[in-house]
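Asker: Encoded as structure tokens, here's the structure I'll be asking about.
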Amino acid sequence: MTDSAAPSAAATPDSLNDGLIAARAAVNDIIVDKADVIDLAFSALLGGGHLLVEDLPGVGKTTLAHALSLAVGGSWQRIQFTNDMLPADIVGVSVFNRDSSEFEFRPGPIFANVVLADEINRATPRTQSALLEAMAEGQVTVDGRTHALPKPFFVIATQNPLDLTGTYPLPDSQLDRFLLRISIGYPSAAEERRLLIEPNRRELLAGMPSLLDPDALLSLIGRTSELHVSDPILDYIQALVAATREHAAVRAGLSPRAALALIQTARAWAFVRGQSFLTPDAVKAVFPALAAHRLQAISESGMDSDAVVQEILATTPVP
């Protein structure tokens, strides 16, 4: 990723906000008619988590991930997952140096600020698990030695629906490491016309500037965590989490870690939208993307996790 005149660690709050606004606008120019989806993507980023984009081929999953990577600056790597990929292809490998008579670690593509894990569910579970420690701890262990990853560290993974051939479902432990799971969907007729007549998205990406940098991003993440959360909002979040645990169609509800993630993601959504405190609308906006992939719905109930989430939102009193 190329350097740019992005905000530095000494940037003022106003310049940081300007950088965030510009980055959102730049991604919206690439991915048309999906402002809410893009705000969720930035919420995962400012929430300090990772993002899973799940949808059919050709709707813009990789384009969104690439645009977000370019907008936030720093180093980035793209990993195209395949069924013959090995864990060492991701985290790196120790190689014996004859001159020094020692093993030297050669880092893999996971060592970047932003990592695009493209079609992650085409890799085997063994290879998928290579990301688990990296996403959870910000480090990898190779041959008994631990290597820290750069900060910030953000994984944007894409995956195709599981009914497509040649895919492996992500285990629950891996899904839980993704702060949000989003889908892009088809554009409206008017916006699809724009895609047909405007320059190719790859051409637009080639000219897209980096509008933030790692230091600025860390500062924005810190500011996001400072947003005030009132007691009524905390009550609402606890009520939503409790409802997932008590719902008859759910085998396992949200954990306390997921409840903490809901707070940090709602804060990030509010911050992205220019708000200085948390509202119920922010919680409602992020709850489906945060909760659905973490819930284990009972197949005999006739409901999937998305339907459960929508029912909980509809029946839980809003403060």
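Residues in the structure tokens are named by chain (A, B, ... in the order shown) and by number from 1 within that chain; ligands are numbered from 1 in the order shown.
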Please give the complete set of residues from stretch 68-266 of chain A that DSSP, run on the backbone, assigns to alpha helix (DSSP H), formatted as a PyMOL selection string.
Answerer: chain A and resi 68-72+88-91+125-128+130-137+172-175+189-197+201-206+214-224+231-246+256-266
Asker: What's the 12 Å shell around A:Gly222, counting only C-alpha atoms, without same-chain residues fewer than 4 positions away, as a PyMOL selection string?
Answerer: chain A and resi 9+13+16+45-48+152+215-218+226-227+264+267-268+271
Asker: Can you write just those residues out, N, CA and C atoms, as a tab-separated table (two decimals), in the first residue's frame?
Answerer:
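Resulting contents of part_32.tsv:
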```
chain	number	residue	atom	x	y	z
A	9	ALA	N	0.31	10.33	13.96
A	9	ALA	CA	-0.04	10.11	15.36
A	9	ALA	C	-0.30	11.43	16.07
A	13	PRO	N	-7.86	15.90	16.61
A	13	PRO	CA	-9.12	15.19	16.48
A	13	PRO	C	-9.89	15.56	15.22
A	16	LEU	N	-8.34	13.85	12.24
A	16	LEU	CA	-8.67	12.43	12.26
A	16	LEU	C	-10.08	12.19	11.75
A	45	LEU	N	-13.73	-2.24	11.81
A	45	LEU	CA	-12.37	-1.71	11.83
A	45	LEU	C	-12.12	-0.88	13.09
A	46	LEU	N	-13.01	0.08	13.39
A	46	LEU	CA	-12.82	0.95	14.56
A	46	LEU	C	-13.16	0.22	15.85
A	47	GLY	N	-13.90	-0.88	15.76
A	47	GLY	CA	-14.17	-1.68	16.94
A	47	GLY	C	-13.01	-2.57	17.32
A	48	GLY	N	-11.95	-2.55	16.52
A	48	GLY	CA	-10.76	-3.34	16.84
A	48	GLY	C	-10.91	-4.82	16.54
A	152	PRO	N	-2.11	-1.49	13.89
A	152	PRO	CA	-3.26	-2.37	14.07
A	152	PRO	C	-3.19	-3.58	13.14
A	215	ASP	N	-1.08	4.80	12.60
A	215	ASP	CA	-1.14	5.62	13.81
A	215	ASP	C	-2.49	6.32	13.94
A	216	ALA	N	-2.97	6.86	12.83
A	216	ALA	CA	-4.27	7.53	12.84
A	216	ALA	C	-5.38	6.54	13.18
A	217	LEU	N	-5.28	5.33	12.63
A	217	LEU	CA	-6.29	4.32	12.89
A	217	LEU	C	-6.30	3.92	14.36
A	218	LEU	N	-5.13	3.76	14.96
A	218	LEU	CA	-5.07	3.43	16.38
A	218	LEU	C	-5.67	4.56	17.22
A	226	GLU	N	-14.05	5.63	23.87
A	226	GLU	CA	-14.38	6.63	24.88
A	226	GLU	C	-15.84	7.08	24.82
A	227	LEU	N	-16.59	6.66	23.82
A	227	LEU	CA	-17.98	7.09	23.71
A	227	LEU	C	-18.79	6.64	24.93
A	264	GLN	N	-18.67	-2.49	21.99
A	264	GLN	CA	-17.60	-1.82	21.24
A	264	GLN	C	-17.99	-1.58	19.79
A	267	ARG	N	-20.50	1.33	19.71
A	267	ARG	CA	-19.73	2.57	19.86
A	267	ARG	C	-19.10	2.97	18.52
A	268	ALA	N	-18.52	1.98	17.84
A	268	ALA	CA	-17.86	2.26	16.57
A	268	ALA	C	-18.86	2.76	15.53
A	271	PHE	N	-19.69	6.29	16.34
A	271	PHE	CA	-18.56	7.17	16.02
A	271	PHE	C	-18.45	7.39	14.52
```
Asker: Which of these residues is nearest to A:Leu20, using only C-alpha atoms: A:Ser101, A:Gln238, A:Ser219, A:Ser305?
Answerer: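 Of the candidates, the smallest distance to A:Leu20 is held by A:Ser219.
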Asker: How many Å lie between atom CA of A:Arg251 and atom CA of A:Gln296, rounded to one decimal?
Answerer: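 Value for the atom CA of A:Arg251-atom CA of A:Gln296 distance: 5.3 Å.
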Asker: Name the residues in contact with A:Asp143 at a cut-off of 10 Å, using only C-alpha atoms, excluding same-chain residues fewer than 5 positions from it; report them as number ranges by chain.
Answerer: A: 93-94, 103, 105
Asker: Using the selection just defined, write its residues with C-alpha atoms as a PDB file, in the first residue's frame.
Answerer:
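As a result, again.pdb now contains:
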```pdb
ATOM      1  CA  VAL A  93       8.219 -20.810   8.179  1.00  0.00           C
ATOM      2  CA  SER A  94      11.577 -21.287   9.908  1.00  0.00           C
ATOM      3  CA  PHE A 103      16.941 -21.324  12.025  1.00  0.00           C
ATOM      4  CA  PHE A 105      11.932 -17.116  10.669  1.00  0.00           C
TER       5      PHE A 105
END
```
Asker: Excluding A:Val72 and residues on its chain fewer than 3 positions from it, collect all residues at most 8 Å away from it, counting only C-alpha atoms, and give them as a compact mmCIF listing (two decimals) with all heavy atoms, in the first residue's frame.
Answerer:
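Below is the file around14.txt, written as the result:
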```
# COMPACT_ATOMS: atom_id res chain seq x y z
N ALA A 23 -12.23 8.70 4.02
CA ALA A 23 -12.09 7.27 3.74
C ALA A 23 -13.44 6.63 3.46
O ALA A 23 -13.59 5.82 2.53
CB ALA A 23 -11.40 6.58 4.92
N LEU A 68 -11.50 -0.99 1.24
CA LEU A 68 -11.30 -0.67 2.65
C LEU A 68 -9.82 -0.74 3.02
O LEU A 68 -9.32 0.11 3.76
CB LEU A 68 -12.11 -1.65 3.50
CG LEU A 68 -12.31 -1.29 4.97
CD1 LEU A 68 -13.10 0.00 5.12
CD2 LEU A 68 -13.01 -2.43 5.71
N SER A 69 -9.12 -1.73 2.47
CA SER A 69 -7.68 -1.85 2.74
C SER A 69 -6.93 -0.62 2.24
O SER A 69 -6.06 -0.08 2.94
CB SER A 69 -7.13 -3.10 2.05
OG SER A 69 -7.79 -4.27 2.48
N SER A 210 -4.72 6.42 -0.15
CA SER A 210 -4.79 6.01 1.25
C SER A 210 -5.07 7.26 2.09
O SER A 210 -4.31 8.22 2.02
CB SER A 210 -3.50 5.35 1.69
OG SER A 210 -3.29 4.15 0.99
N LEU A 211 -6.12 7.25 2.84
CA LEU A 211 -6.58 8.44 3.54
C LEU A 211 -6.36 8.37 5.05
O LEU A 211 -6.61 9.34 5.76
CB LEU A 211 -8.07 8.67 3.23
CG LEU A 211 -8.32 8.94 1.73
CD1 LEU A 211 -9.74 8.63 1.36
CD2 LEU A 211 -7.96 10.36 1.38
N LEU A 212 -5.93 7.22 5.54
CA LEU A 212 -5.56 7.06 6.94
C LEU A 212 -4.21 6.36 6.98
O LEU A 212 -3.69 5.94 5.95
CB LEU A 212 -6.60 6.24 7.70
CG LEU A 212 -8.01 6.86 7.82
CD1 LEU A 212 -9.00 5.82 8.36
CD2 LEU A 212 -7.98 8.07 8.73
N ASP A 213 -3.63 6.22 8.17
CA ASP A 213 -2.42 5.43 8.34
C ASP A 213 -2.54 4.67 9.66
O ASP A 213 -3.49 4.89 10.42
CB ASP A 213 -1.17 6.30 8.27
CG ASP A 213 -1.08 7.33 9.39
OD1 ASP A 213 -1.74 7.14 10.44
OD2 ASP A 213 -0.36 8.32 9.23
N PRO A 214 -1.64 3.74 9.96
CA PRO A 214 -1.78 2.94 11.17
C PRO A 214 -1.88 3.75 12.45
O PRO A 214 -2.70 3.44 13.33
CB PRO A 214 -0.51 2.07 11.16
CG PRO A 214 -0.20 1.90 9.71
CD PRO A 214 -0.54 3.23 9.09
N LEU A 217 -5.28 5.33 12.63
CA LEU A 217 -6.29 4.32 12.89
C LEU A 217 -6.30 3.92 14.36
O LEU A 217 -7.38 3.79 14.97
CB LEU A 217 -6.03 3.10 12.00
CG LEU A 217 -7.08 1.99 12.04
CD1 LEU A 217 -8.46 2.53 11.76
CD2 LEU A 217 -6.71 0.89 11.05
```
Asker: Given the choices A:Ala307, A:Ile298, A:Ala243, A:Ile184, which gets closest to A:Asp33 if the distance is worked out from only C-alpha atoms?
Answerer: A:Ile184
Asker: I need the residue nearest A:Thr158 from this list: A:Ala117, A:Ile197, A:Ile312, A:Ala136. Use only C-alpha atoms for the distance.
Answerer: A:Ala117
Asker: Have a look at A:Ala248, A:Leu175, A:Ile21, A:Val286 and name the one nearest to A:Gln128; count only C-alpha atoms.
Answerer: A:Leu175
